[in-house]
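A quick write-up on the structure given underneath.
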Amino acid sequence: MPEVSFWAELLSNRVVSSIALVAVIATLRILAVRVIRGHKEILSDHRRAWLARIRNATVIFALAGLVLIWLPSLHAFALSITAFAVALVIATKELILCLSGTVLRIVNQPFEIGDWVEIGNLRGEVVDENMLATTLQEIGGPVGRFEYSGKTIVVPNSIFLTTPVQNQNFFKKWVYLEVCVVLENDVNMRRELAALEQEMATLHEPHADLAQRYSAMIRKRSGINIAEPHPRVTLTTTDIGKQRIDVTLFCPTPNAFELERAINDAVLRRYWSLRTPESTSTKA
């Protein structure tokens with residue numbers, strides 16, 4: 001009986017210690033979150049990054065503390081729980097893959113909170129990250145390629161083990177806008193290329209100086225000779241023989257949607273001006 005009471009008392013002490021540890025860490029986390037958030041309704045990328053670090057740090061400290069508290073008991077039952085551990089690994093395969101993806105992300109640091117990233121066919125701004133998942137605010141969709149769709153995407157970190165990650169943070173403020181307009185083959189658009197290039201240069205002129213400086217900064221930081229920022233207009237054909245006008249220019253991301261609409265209007269306006277009543281009636 002004395003031996004039983006000893007083990008019961010020891011187990012009780014460890015339970016109390018575990019509860020106390022979790023309570024202290026949770027209290028410290030709540031206080032730290034309140035200090036960082038303050039009275040801000042919309043948090044900056046820097047504050048969100050610190051919130052993520054605190055959340056991950058508290059989880060790590062809690063797990064480490066619980067392991068230290070229960071280590072003597074775990075050591076005594078190590079041999080008897082080997083089979084259980086194997087079964088646990090098989091049952092928690094996805095969880096282990098997510099933790100492995102987290103380790104890979106921490107080691108390689110492909111992005112930080114606030115960066116624009118593309119993971120497979122998912123594209124968005126990183127708004128949160130933890131030990132198991134990364135949260136994206138989706139960019140693109142029906143509202144435009146360079147605007148927030150309003151959808152939140154939670155991606156398991158296991159995806160980093162098999163899927164390449166593109167960091168597009170350089171293009172968070174400036175982007176290479178690519179506009180493609182497919183036209184019927186009833187008029188010759190080649191003779192309009194020079195005029196279109198001049199019109200595109202006029203559209204791009206308010207942003208030309210800043211585009212040149214920002215493009216030079218990207219070249220310097222990345223060490224990559226990226227494309228020139230000035231507008232380029234090319235004429236090709238599609239697989240079924242239709243004309244395809246491609247316009248590429250470097251512009252501020254907030255103005256991308258407006259410029260895309262202006263480019264489409266310019267190309268279509270010239271196309272319709274070249275169509276004769278005969279060609280229109282023939283198509284009809």
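Every chain in the structure tokens takes a letter, A first, then B, and so on in the order presented; its residues are numbered from 1, and the ligands are numbered from 1 following the presented order.
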> Out of region 43-234 of chain A, which residues get strand (DSSP E or B) from DSSP, as a ChimeraX atom specification?
Replying inline: /A:116-119,122-129,133-139,148-156,165-167,174-183,232-234
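Closest approach to Leu97 (chain A) among A:Val267, A:Cys180, A:Thr162, A:Asn255 is made by A:Thr162 (distances from only C-alpha atoms).
Within the 7 Å cut-off around region 52-56 of chain A, using only C-alpha atoms and omitting residues fewer than 2 positions from it on the same chain, the listed residues are Arg29, Arg48, Ala49, Trp50, Thr58, Val59, Ile60, Asp128, Glu129, Asn130 and Met131 of chain A.
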Same residues, C-alpha atoms, saved as a PDB file, in the first residue's frame:
ATOM      1  CA  ARG A  29       0.729  34.068 -24.539  1.00  0.00           C
ATOM      2  CA  ARG A  48       1.239  39.417 -37.660  1.00  0.00           C
ATOM      3  CA  ALA A  49       4.707  37.897 -37.950  1.00  0.00           C
ATOM      4  CA  TRP A  50       5.321  38.393 -34.210  1.00  0.00           C
ATOM      5  CA  THR A  58       4.379  28.756 -26.817  1.00  0.00           C
ATOM      6  CA  VAL A  59       3.492  25.432 -28.453  1.00  0.00           C
ATOM      7  CA  ILE A  60       7.155  24.396 -28.497  1.00  0.00           C
ATOM      8  CA  ASP A 128      -0.505  33.453 -40.878  1.00  0.00           C
ATOM      9  CA  GLU A 129       1.622  30.373 -40.320  1.00  0.00           C
ATOM     10  CA  ASN A 130       1.880  27.765 -37.584  1.00  0.00           C
ATOM     11  CA  MET A 131       3.374  24.323 -36.998  1.00  0.00           C
TER      12      MET A 131
END
> Taking into account only C-alpha atoms, which residue in the set A:Leu43, A:Val165, A:Leu183, A:Ile153 is nearest to Arg275 (chain A)?
Replying inline: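 Between A:Leu43, A:Val165, A:Leu183, A:Ile153, the residue approaching Arg275 (chain A) most closely is A:Leu183.
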>> For a quick check of understanding, using only C-alpha atoms, which of A:Leu161, A:Leu203, A:Ile218, A:Val182 has the smallest distance to Gly120 (chain A)?
In response: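 Looking at the shortest contact to Gly120 (chain A), the residue is A:Leu161.
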>> Under the rule that only C-alpha atoms are counted, which of A:Ala64, A:Gln198, A:Val233, A:Val181 is the nearest residue to Leu268 (chain A)?
In response: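 Answer, going by the shortest atom-to-atom distance: A:Val181.
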Hey, could you make a per-residue contact list for region 34-82 of chain A against region 17-22 of chain A with 9 Å as the cut-off, showing the nearest pair of atoms and its distance in Å to one decimal, counting only C-alpha atoms, sorted by chain and number, as a Markdown table?
| residue | atom | partner | partner_atom | distance |
| --- | --- | --- | --- | --- |
| A:Ala62 | CA | A:Val22 | CA | 6.4 |
| A:Gly65 | CA | A:Leu21 | CA | 7.3 |
| A:Leu66 | CA | A:Ser18 | CA | 6.2 |
| A:Ile69 | CA | A:Ser18 | CA | 7.1 |
| A:Trp70 | CA | A:Ser18 | CA | 8.7 |
Asn169 (chain A) environment, 10 Å, only C-alpha atoms, sequence neighbours closer than 4 positions dropped, as an mmCIF file with C-alpha atoms, in the first residue's frame:
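To be explicit, this is the file written out as part-v4.cif:
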data_model
loop_
_atom_site.group_PDB
_atom_site.id
_atom_site.type_symbol
_atom_site.label_atom_id
_atom_site.label_comp_id
_atom_site.auth_asym_id
_atom_site.auth_seq_id
_atom_site.Cartn_x
_atom_site.Cartn_y
_atom_site.Cartn_z
ATOM 1 C CA PHE A 111 8.639 33.369 -47.628
ATOM 2 C CA GLU A 112 7.591 35.468 -44.645
ATOM 3 C CA GLY A 114 3.109 39.487 -45.815
ATOM 4 C CA ASP A 115 4.779 37.985 -48.908
ATOM 5 C CA TRP A 116 2.907 37.152 -52.097
ATOM 6 C CA VAL A 117 3.438 33.488 -52.945
ATOM 7 C CA GLU A 125 -0.609 36.737 -49.503
ATOM 8 C CA LYS A 173 3.776 46.651 -55.607
ATOM 9 C CA TRP A 174 4.778 46.306 -59.277
ATOM 10 C CA VAL A 175 3.892 43.555 -61.723
#
>> What parts of region 18-264 of chain A does DSSP call alpha helix (DSSP H)? I'd like the answer as a ChimeraX atom specification.
In response: /A:18-37,45-76,82-91,93-108,193-204,208-222,256-264
> Which residue gives the smallest distance to Glu147 (chain A) among A:Trp272, A:Pro254, A:Phe61, A:Leu259, with only C-alpha atoms counted?
Replying inline: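 Closest candidate: A:Pro254.
The environment of Phe160 (chain A) within 10 Å, counting only C-alpha atoms and disregarding residues fewer than 6 places along the same chain, consists of Leu97, Cys98, Ser100, Gly101, Thr102, Val103, Leu104, Arg105, Pro110, Ile119 and Gly120 of chain A.
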